[in-house]
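*Asks:* Before we start, here is the structure in question, set down as structure tokens.
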Amino acid sequence: QILLVQRSDSGIWLYPTGWADVGYSPAEVAMKEVLEETGIECEVLRLIAVIDGLRMGFTRVPLYSLVFHCKATGGALQRHPLETADVGWFSPDDMPFPIVGLDRWGPAAFAAIRGEPVDVQFDKPRAPVWRGDD
């Protein structure tokens with residue numbers, strides 16, 4: 001199963017997210033955000049995706065989302081009272097709605113959970129390389 005949060009600002013279900021705080025490594029940010037948003041303590045195992053939030057369509061703010069495969073190590077499931085409307089564990093055939101980007105990060109996430117080897121997912125360069133809007 002995968003741990004997801006329902007964002008209180010949009011109602012969208014997604015993996016726990018957060019802004020990188022100065023002084024924290026990306027893996028430390030992931031551990032901190034999972035604990036804050038879900039009450040679950042975790043260990044970061046590996047990076048599985050780098051997602052451009054603008055291209056994915058889940059933000060209007062330019063950002064990259066680093067998606068880590070984590071293993072729960074303790075804690076108790078409890079949503080953050082301000083940031084999340086709900087939290088839960090979900091299997092591939094019982095995903096909540098509405099969920100964003102599942103087709104992009106879901107297969108790699110569930111493959112990693114099953115212990116399968118996973119290449120890090122990322123947007124391949126466009127041909128020709130994108131230069132912005134003229």
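In the structure tokens, the first chain shown is A, the next is B, and so on; residue numbers restart at 1 for each chain, and ligands run from 1 in the order shown.
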Report the residues of segment 52-95 of chain A whose backbone DSSP state falls under alpha helix (DSSP H), written as a VMD selection string.
*Replies:* chain A and resid 53 to 56
*Asks:* Take the residues from that selection and put them in a file with all heavy atoms, as a PDB file, in the first residue's frame.
*Replies:*
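Wrote part-v5.pdb, looks like this:
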ATOM      1  N   GLY A  53       6.371  20.146 -11.593  1.00  0.00           N
ATOM      2  CA  GLY A  53       5.006  20.450 -11.175  1.00  0.00           C
ATOM      3  C   GLY A  53       4.198  21.227 -12.187  1.00  0.00           C
ATOM      4  O   GLY A  53       2.993  21.004 -12.330  1.00  0.00           O
ATOM      5  N   LEU A  54       4.837  22.140 -12.923  1.00  0.00           N
ATOM      6  CA  LEU A  54       4.129  22.901 -13.953  1.00  0.00           C
ATOM      7  C   LEU A  54       3.716  21.996 -15.114  1.00  0.00           C
ATOM      8  O   LEU A  54       2.575  22.047 -15.575  1.00  0.00           O
ATOM      9  CB  LEU A  54       4.998  24.050 -14.475  1.00  0.00           C
ATOM     10  CG  LEU A  54       5.184  25.234 -13.537  1.00  0.00           C
ATOM     11  CD1 LEU A  54       6.188  26.217 -14.121  1.00  0.00           C
ATOM     12  CD2 LEU A  54       3.867  25.920 -13.258  1.00  0.00           C
ATOM     13  N   ARG A  55       4.639  21.179 -15.591  1.00  0.00           N
ATOM     14  CA  ARG A  55       4.326  20.281 -16.704  1.00  0.00           C
ATOM     15  C   ARG A  55       3.297  19.234 -16.307  1.00  0.00           C
ATOM     16  O   ARG A  55       2.492  18.798 -17.123  1.00  0.00           O
ATOM     17  CB  ARG A  55       5.593  19.608 -17.223  1.00  0.00           C
ATOM     18  CG  ARG A  55       6.448  20.575 -18.030  1.00  0.00           C
ATOM     19  CD  ARG A  55       7.716  19.956 -18.516  1.00  0.00           C
ATOM     20  NE  ARG A  55       7.480  19.062 -19.657  1.00  0.00           N
ATOM     21  CZ  ARG A  55       8.459  18.451 -20.302  1.00  0.00           C
ATOM     22  NH1 ARG A  55       9.713  18.619 -19.929  1.00  0.00           N
ATOM     23  NH2 ARG A  55       8.190  17.674 -21.317  1.00  0.00           N
ATOM     24  N   MET A  56       3.311  18.823 -15.034  1.00  0.00           N
ATOM     25  CA  MET A  56       2.346  17.841 -14.549  1.00  0.00           C
ATOM     26  C   MET A  56       0.971  18.467 -14.350  1.00  0.00           C
ATOM     27  O   MET A  56      -0.037  17.791 -14.376  1.00  0.00           O
ATOM     28  CB  MET A  56       2.836  17.233 -13.235  1.00  0.00           C
ATOM     29  CG  MET A  56       1.925  16.183 -12.652  1.00  0.00           C
ATOM     30  SD  MET A  56       1.691  14.744 -13.706  1.00  0.00           S
ATOM     31  CE  MET A  56       3.315  14.085 -13.690  1.00  0.00           C
TER      32      MET A  56
END
*Asks:* Do you know which residues are at most 10 Å from segment 27-35 of chain A counting only C-alpha atoms, after dropping those on the same chain fewer than 2 positions away, and could you put them as a PyMOL selection string?
*Replies:* chain A and resi 3-5+15-25+37-47+66-70+72+74-80
*Asks:* Measure the distance from atom CA of Ala85 of chain A to atom CA of Ile2 of chain A in Å and round it to one decimal.
*Replies:*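 We find that atom CA of Ala85 of chain A and atom CA of Ile2 of chain A lie 17.1 Å from each other.
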*Asks:* Provide the atom CA of Arg7 of chain A to atom CA of Gly101 of chain A distance in Å, to one decimal place.
*Replies:*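 Interatomic distance, atom CA of Arg7 of chain A to atom CA of Gly101 of chain A: 14.3 Å.
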*Asks:* Hey, can you check how far atom CA of Trp130 of chain A sits from atom CA of Pro107 of chain A?
*Replies:*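 A separation of 26.6 Å between them.
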*Asks:* Quick one: of A:Pro26, A:Pro92, A:Gly57, A:Pro98, who's nearest to Leu14 of chain A, counting only C-alpha atoms?
*Replies:*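 Comparing A:Pro26, A:Pro92, A:Gly57, A:Pro98 against Leu14 of chain A, the winner is A:Pro98.
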